[in-house]
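*Asks:* Sharing coords01.txt, compact mmCIF, C-alpha atoms:
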# COMPACT_ATOMS: atom_id res chain seq x y z
CA PHE E 248 -103.92 -0.18 68.18
CA CYS E 249 -105.14 2.48 70.58
CA SER E 250 -107.87 0.21 71.97
CA VAL E 251 -105.32 -2.55 72.57
CA ILE E 252 -103.09 -0.16 74.54
CA CYS E 253 -106.03 1.15 76.59
CA ASN E 254 -107.25 -2.33 77.48
CA ALA E 255 -103.74 -3.33 78.53
CA GLN E 256 -103.50 -0.52 81.09
CA THR E 257 -103.77 -1.63 84.69
CA VAL E 258 -106.29 -0.03 87.01
CA LYS E 259 -104.80 2.04 89.80
CA ALA E 260 -106.09 1.13 93.25
CA LEU E 261 -107.56 4.19 94.93
CA LYS E 262 -106.72 5.33 98.43
CA VAL E 263 -108.11 7.94 100.81
CA GLY E 264 -107.68 11.39 99.27
CA ASP E 265 -107.72 10.19 95.65
CA ALA E 266 -110.14 11.61 93.10
CA LEU E 267 -112.38 9.20 91.24
CA PRO E 268 -111.16 8.47 87.71
CA ILE E 269 -113.46 7.77 84.79
CA MET E 270 -114.79 4.28 85.42
CA PRO E 271 -116.58 1.84 83.11
CA ALA E 272 -120.34 1.50 83.58
CA GLY E 273 -121.52 -1.60 85.43
CA ALA E 274 -124.77 -3.53 85.61
CA ILE E 275 -126.97 -2.26 88.43
CA ILE E 276 -130.38 -3.09 89.92
CA ASN E 277 -132.80 -0.99 91.98
CA TYR E 278 -131.84 1.98 89.85
CA LYS E 279 -133.45 4.09 87.12
CA ALA E 280 -131.12 2.62 84.49
CA PRO E 281 -129.72 -0.89 83.87
CA SER E 282 -126.14 0.37 84.14
CA ALA E 283 -124.36 3.16 85.99
CA THR E 284 -121.04 4.49 87.27
CA LEU E 285 -120.18 6.03 90.61
CA ALA E 286 -120.09 9.41 88.86
CA ASP E 287 -123.88 9.19 88.49
CA PHE E 288 -124.16 9.79 92.25
CA LYS E 289 -121.69 12.67 92.37
CA ASN E 290 -124.04 15.23 93.97
CA GLU E 291 -124.36 13.25 97.20
CA LEU E 292 -122.19 11.66 99.86
CA VAL E 293 -121.81 8.14 98.49
CA ILE E 294 -121.21 5.17 100.76
CA LEU E 295 -120.19 2.23 98.60
CA ASP E 296 -120.81 -1.06 100.39
CA PHE E 297 -119.08 -4.20 99.12
CA TRP E 298 -120.99 -7.28 100.27
CA SER E 299 -122.06 -10.86 99.50
CA THR E 300 -125.10 -12.95 100.39
CA TRP E 301 -123.01 -15.41 102.43
CA CYS E 302 -121.64 -12.60 104.62
CA GLU E 303 -123.80 -12.46 107.77
CA PRO E 304 -122.49 -9.05 108.99
CA CYS E 305 -123.18 -7.63 105.50
CA VAL E 306 -126.79 -8.79 105.55
CA LYS E 307 -127.34 -7.64 109.13
CA ALA E 308 -126.12 -4.14 108.23
CA MET E 309 -128.61 -3.67 105.39
CA PRO E 310 -131.67 -2.66 107.44
CA ARG E 311 -129.52 -0.04 109.18
CA PHE E 312 -128.27 1.25 105.84
CA GLU E 313 -131.85 1.40 104.54
CA ALA E 314 -132.91 3.44 107.58
CA LEU E 315 -129.96 5.81 107.19
CA GLN E 316 -130.75 6.19 103.49
CA GLN E 317 -134.27 7.33 104.34
CA LYS E 318 -133.11 9.68 107.09
CA PHE E 319 -130.53 11.39 104.87
CA LYS E 320 -132.47 11.14 101.61
CA GLY E 321 -131.14 13.57 99.04
CA ARG E 322 -127.89 14.06 100.93
CA VAL E 323 -126.52 10.51 101.14
CA GLN E 324 -126.68 7.64 98.70
CA PHE E 325 -125.85 4.09 99.73
CA VAL E 326 -124.70 1.98 96.79
CA LEU E 327 -124.13 -1.75 97.16
CA ALA E 328 -121.71 -3.82 95.07
CA THR E 329 -121.30 -7.58 94.76
CA PRO E 330 -119.65 -9.97 92.28
CA GLN E 331 -122.65 -12.28 92.52
CA GLU E 332 -125.03 -12.71 89.60
CA LYS E 333 -127.92 -10.35 88.91
CA ASP E 334 -130.87 -12.77 89.20
CA LYS E 335 -129.73 -14.18 92.53
CA ILE E 336 -129.13 -10.73 94.02
CA LYS E 337 -132.41 -9.34 92.71
CA LYS E 338 -134.37 -12.13 94.44
CA PHE E 339 -132.28 -11.90 97.60
CA LEU E 340 -132.72 -8.13 98.03
CA ALA E 341 -136.43 -8.33 97.24
CA LYS E 342 -136.87 -10.96 99.96
CA LYS E 343 -135.03 -8.70 102.42
CA ASN E 344 -137.04 -5.62 101.29
CA VAL E 345 -133.83 -3.84 100.35
CA VAL E 346 -134.27 -1.24 97.61
CA LEU E 347 -130.79 0.30 97.63
CA PRO E 348 -129.10 0.38 94.21
CA CYS E 349 -126.68 -2.49 93.80
CA PHE E 350 -123.94 -3.16 91.26
CA VAL E 351 -124.15 -6.84 90.30
CA ASP E 352 -121.79 -9.20 88.49
CA ASP E 353 -119.24 -6.63 89.59
CA LYS E 354 -115.64 -7.36 88.69
CA GLU E 355 -114.43 -3.79 88.09
CA LEU E 356 -115.01 -1.85 91.32
CA PRO E 357 -112.83 -4.20 93.43
CA LYS E 358 -109.94 -3.29 91.13
CA TYR E 359 -110.29 0.35 92.19
CA PHE E 360 -111.04 -0.54 95.83
CA PRO E 361 -109.21 -3.83 96.54
CA HIS E 362 -110.19 -5.65 99.71
CA ASN E 363 -109.97 -9.16 101.11
CA SER E 364 -113.01 -9.13 103.37
CA VAL E 365 -116.56 -7.82 103.41
CA PRO E 366 -118.36 -5.72 104.44
CA HIS E 367 -116.06 -3.03 103.06
CA GLU E 368 -117.19 0.60 103.05
CA VAL E 369 -115.86 3.35 100.77
CA TRP E 370 -116.94 6.94 101.49
CA ILE E 371 -116.95 9.28 98.48
CA LYS E 372 -117.70 13.00 98.60
CA ASP E 373 -117.29 15.64 95.90
CA GLY E 374 -115.71 13.06 93.62
CA LYS E 375 -113.01 12.12 96.12
CA VAL E 376 -112.44 9.12 98.39
CA ILE E 377 -112.64 10.50 101.93
CA ALA E 378 -112.64 7.27 103.95
CA ILE E 379 -112.41 3.48 103.72
CA THR E 380 -113.93 1.88 106.81
CA TYR E 381 -115.58 -1.03 108.52
CA ALA E 382 -119.38 -1.16 108.51
CA GLU E 383 -119.51 -0.21 112.20
CA ILE E 384 -118.21 3.27 111.33
CA VAL E 385 -121.26 3.94 109.16
CA THR E 386 -123.46 5.61 111.79
CA GLU E 387 -125.92 8.48 111.84
CA GLU E 388 -123.51 10.56 113.89
CA ASN E 389 -120.57 10.05 111.54
CA ILE E 390 -122.64 10.69 108.43
CA GLN E 391 -123.95 13.92 109.93
CA LYS E 392 -120.41 15.09 110.67
CA VAL E 393 -119.36 14.52 107.06
CA ILE E 394 -122.45 16.27 105.72
CA ASP E 395 -121.85 19.22 108.04
CA GLY E 396 -118.31 19.54 106.71
CA GLU E 397 -116.65 18.73 110.02
CA GLU E 398 -113.07 17.52 109.91
CA VAL E 399 -113.27 13.85 110.77
CA TYR E 400 -110.82 10.98 111.01
CA PHE E 401 -112.11 7.44 110.66
CA VAL E 402 -109.88 4.45 111.32
CA GLU E 403 -109.05 3.05 107.90
CA LYS E 404 -109.94 -0.53 107.06
CA LYS E 405 -106.90 -2.09 105.43
CA SER E 406 -106.36 -5.36 103.59
CA ASN E 407 -103.22 -7.48 103.89
CA PHE E 408 -102.84 -9.25 100.56
CA ASP E 409 -99.65 -11.00 101.70
CA TYR E 410 -101.77 -13.34 103.83
CA ASN E 411 -102.73 -16.70 102.33
CA ILE E 412 -105.57 -18.34 104.28
CA PHE E 413 -104.40 -21.75 103.06
CA GLN E 414 -100.98 -21.37 104.71
CA PRO E 415 -100.08 -21.10 108.43
CA LEU E 416 -100.10 -17.56 109.78
CA LEU E 417 -96.61 -16.02 110.24
CA VAL E 418 -94.84 -18.98 108.60
CA SER E 419 -92.47 -17.72 105.86
CA GLY E 420 -93.80 -14.22 106.39
CA ASN E 421 -97.42 -15.16 105.72
CA GLY E 422 -99.43 -12.11 106.83
CA ALA E 423 -96.69 -10.89 109.18
CA ASN E 424 -93.48 -12.23 110.71
CA ALA E 425 -92.27 -13.87 113.92
CA ASN E 426 -91.68 -10.50 115.58
CA ASP E 427 -95.46 -10.02 115.62
CA LEU E 428 -96.03 -13.26 117.53
CA LEU E 429 -97.39 -12.84 121.06
CA TYR E 430 -98.96 -16.21 121.83
CA HIS E 431 -99.86 -19.25 119.77
CA SER E 432 -100.57 -22.96 119.57
CA VAL E 433 -98.85 -25.37 117.19
CA ILE E 434 -99.53 -29.04 116.45
CA THR E 435 -97.07 -30.90 114.21
CA GLY E 436 -96.19 -34.39 113.18
CA TYR E 437 -93.09 -36.18 114.50
CA LEU E 438 -90.00 -33.98 114.30
CA ASP E 439 -86.84 -36.09 114.27
CA GLY E 440 -83.93 -34.87 116.38
CA ILE E 441 -85.81 -32.57 118.76
CA PRO E 442 -85.46 -33.66 122.42
CA ASP E 443 -88.64 -35.29 123.68
CA GLY E 444 -90.33 -34.47 126.94
CA GLY E 445 -92.56 -31.57 127.91
CA GLY E 446 -94.14 -29.83 130.82
CA VAL E 447 -96.39 -27.00 131.92
CA MET E 448 -95.17 -23.52 132.76
CA THR E 449 -96.53 -19.98 132.94
CA ASP E 450 -95.15 -16.84 131.41
CA SER E 451 -94.88 -13.32 132.87
CA LEU E 452 -98.60 -12.73 132.17
CA ASN E 453 -99.59 -15.97 133.94
CA ARG E 454 -100.57 -17.62 130.65
CA TYR E 455 -100.11 -21.37 130.55
CA LYS E 456 -97.54 -22.89 128.26
CA ILE E 457 -97.98 -26.61 127.68
CA ARG E 458 -95.19 -28.40 125.88
CA VAL E 459 -95.26 -32.01 124.68
CA ILE E 460 -92.44 -33.08 122.35
CA ASP E 461 -92.67 -36.36 120.41
CA GLY E 462 -95.44 -37.71 122.61
CA SER E 463 -98.75 -39.33 121.70
Can you dump the structure from the file as structure tokens?

*Replies:*
Amino acid sequence: FCSVICNAQTVKALKVGDALPIMPAGAIINYKAPSATLADFKNELVILDFWSTWCEPCVKAMPRFEALQQKFKGRVQFVLATPQEKDKIKKFLAKKNVVLPCFVDDKELPKYFPHNSVPHEVWIKDGKVIAITYAEIVTEENIQKVIDGEEVYFVEKKSNFDYNIFQPLLVSGNGANANDLLYHSVITGYLDGIPDGGGVMTDSLNRYKIRVIDGS
């Protein structure tokens, strides 16, 4: 009965300032053991990088992460995470000469750190989430500041889960609403009852507005 209740509990998404809870171990490669948790890296600044092989910016960032890992060895640990299968990732990283530890077949960590795009970087220090950023924020200068204990503020990378990529942006509140609209283009089919015609005009910022109603 207890195990049923525990398995039914939902995972709480973590935000900046939250302490890491006890997490289940996950399969990992390029590591001393076949499985691990984030707690295994607790003595270092951990930068958790969510990525995928099809993500070009993710792959381009890896040599930089490798170089930073070597420079800050013993003080920083980069840990990769991907939902892709172990064998594919093992071959891919070997071809790229990447030896950073990587969680594979990972379905659990995104529950704690939900995101809708990669790369996605989570900074963890002393068992606490201190930042969630874009990959561009992961620099030698910023890492040094964190290691030195400086008070830093990194722009947080956020994910809008109200946005459906298969639906038009802003329509029915998809991703935002009409008040956020600055400029756009729309192509529709025939709309019965709307006066036909059109024309070209400019707005206060000298941007062209081209209007063609019920024309070919």

*Asks:* Using Å and a single decimal, report how far atom CA of E:Gln331 sits from atom CA of E:Cys302.

*Replies:*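 Computing it gives 12.1 Å between the two atoms.
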
*Asks:* Leaving out E:Pro415 and any residue of its chain fewer than 2 positions from it, which residues lie within 12 Å of it when counting all atoms listed in the file, given as a list of chain:residue names?

*Replies:*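 My reading of the contact set: E:Tyr410, E:Asn411, E:Ile412, E:Phe413, E:Leu417, E:Val418, E:Ser419, E:Gly420, E:Asn421, E:Gly422, E:Ala423, E:Asn424, E:Ala425, E:His431, E:Ser432, E:Val433, E:Ile434, E:Thr435.
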
*Asks:* Give me the residues near E:Phe297 as an NGL selection string, where near means some atom within 8 Å (using only C-alpha atoms) and where sequence neighbours in that chain fewer than 2 positions away do not count.

*Replies:* :E and (295 or 299 or 327-329 or 365-368)

*Asks:* Which polymer residues have any atom within 9 Å of an atom of stretch 273-278 of chain E, counting all atoms listed in the file, with same-chain residues fewer than 5 positions away left out, as a list in words?

*Replies:*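 Near stretch 273-278 of chain E, the qualifying residues are Ala283, Thr284, Ala328, Lys333, Ile336, Lys337, Val345, Val346, Leu347, Pro348, Cys349, Phe350, Val351, Asp352, Asp353, Lys354, Glu355 and Leu356 of chain E.
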
*Asks:* Tell me which of E:Ala314, E:Val459, E:Val399, E:Val326 sits closest to E:Val293, counting only C-alpha atoms.

*Replies:*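 Counting only C-alpha atoms, the residue closest to E:Val293 is E:Val326.
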
*Asks:* Would you list the contacts of E:Asp450 as a PyMOL selection string, taking every protein, DNA or RNA residue within 12 Å and counting all atoms listed in the file, but skipping same-chain residues closer than 5 positions in sequence?

*Replies:* chain E and resi 429-430+455-457

*Asks:* Give me the residues near E:Lys307 as a PyMOL selection string, where near means some atom within 12 Å (using all atoms listed in the file) and where sequence neighbours in that chain fewer than 4 positions away do not count.

*Replies:* chain E and resi 298-303+311-313+343+345+366+382-383

*Asks:* Calculated over only C-alpha atoms, which of the candidates E:Val376, E:Ile269, E:Ile384, E:Leu292 has the smallest distance to E:Phe319?

*Replies:*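 Under the stated criterion, the closest residue is E:Leu292.
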
*Asks:* So which one's closest to E:Asp409, E:Pro442, E:Asn363, E:Val369, E:Asn389? Using only C-alpha atoms, please.

*Replies:*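 Closest to E:Asp409 of all the choices is E:Asn363.
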
*Asks:* Report the distance between atom CA of E:Lys279 and atom CA of E:Glu387 in Å, rounded to one decimal place.

*Replies:*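 Straight-line distance from atom CA of E:Lys279 to atom CA of E:Glu387 works out to 26.2 Å.
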
*Asks:* Identify which of the residues E:Asn290, E:Lys259, E:Ser463, E:Ser282 lies closest to E:Gly374, counting only C-alpha atoms when measuring atom-to-atom distances.

*Replies:*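 Going through E:Asn290, E:Lys259, E:Ser463, E:Ser282 one by one, the smallest distance to E:Gly374 is for E:Asn290.
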
*Asks:* Restricting the calculation to all atoms listed in the file, which member of E:Ile379, E:Val323, E:Leu452, E:Ile460 is positioned closest to E:Pro361?

*Replies:*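 Comparing E:Ile379, E:Val323, E:Leu452, E:Ile460 against E:Pro361, the winner is E:Ile379.
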
*Asks:* Enter the distance from atom CA of E:Thr380 to atom CA of E:Gln317, in Å, rounded to one decimal.

*Replies:*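 Atom CA of E:Gln317 lies at a distance of 21.2 Å from atom CA of E:Thr380.
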
*Asks:* With distances taken over only C-alpha atoms, which of E:Leu416, E:Met448, E:Leu340, E:Ile377 is nearest to E:Tyr400?

*Replies:*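 Looking at the shortest contact to E:Tyr400, the residue is E:Ile377.
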
*Asks:* From (-110.5, 14.0, 99.2), in the file's coordinates, out to 8 Å: which residues are reached, counting only C-alpha atoms? Answer as a PyMOL selection string.

*Replies:* chain E and resi 263-266+372-377

*Asks:* Okay, now the selection with C-alpha atoms, as a PDB file, in the frame of the given file?

*Replies:*
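Below you can see result22.pdb, which holds the result:
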ATOM      1  CA  VAL E 263    -108.110   7.940 100.810  1.00  0.00           C
ATOM      2  CA  GLY E 264    -107.680  11.390  99.270  1.00  0.00           C
ATOM      3  CA  ASP E 265    -107.720  10.190  95.650  1.00  0.00           C
ATOM      4  CA  ALA E 266    -110.140  11.610  93.100  1.00  0.00           C
ATOM      5  CA  LYS E 372    -117.700  13.000  98.600  1.00  0.00           C
ATOM      6  CA  ASP E 373    -117.290  15.640  95.900  1.00  0.00           C
ATOM      7  CA  GLY E 374    -115.710  13.060  93.620  1.00  0.00           C
ATOM      8  CA  LYS E 375    -113.010  12.120  96.120  1.00  0.00           C
ATOM      9  CA  VAL E 376    -112.440   9.120  98.390  1.00  0.00           C
ATOM     10  CA  ILE E 377    -112.640  10.500 101.930  1.00  0.00           C
TER      11      ILE E 377
END
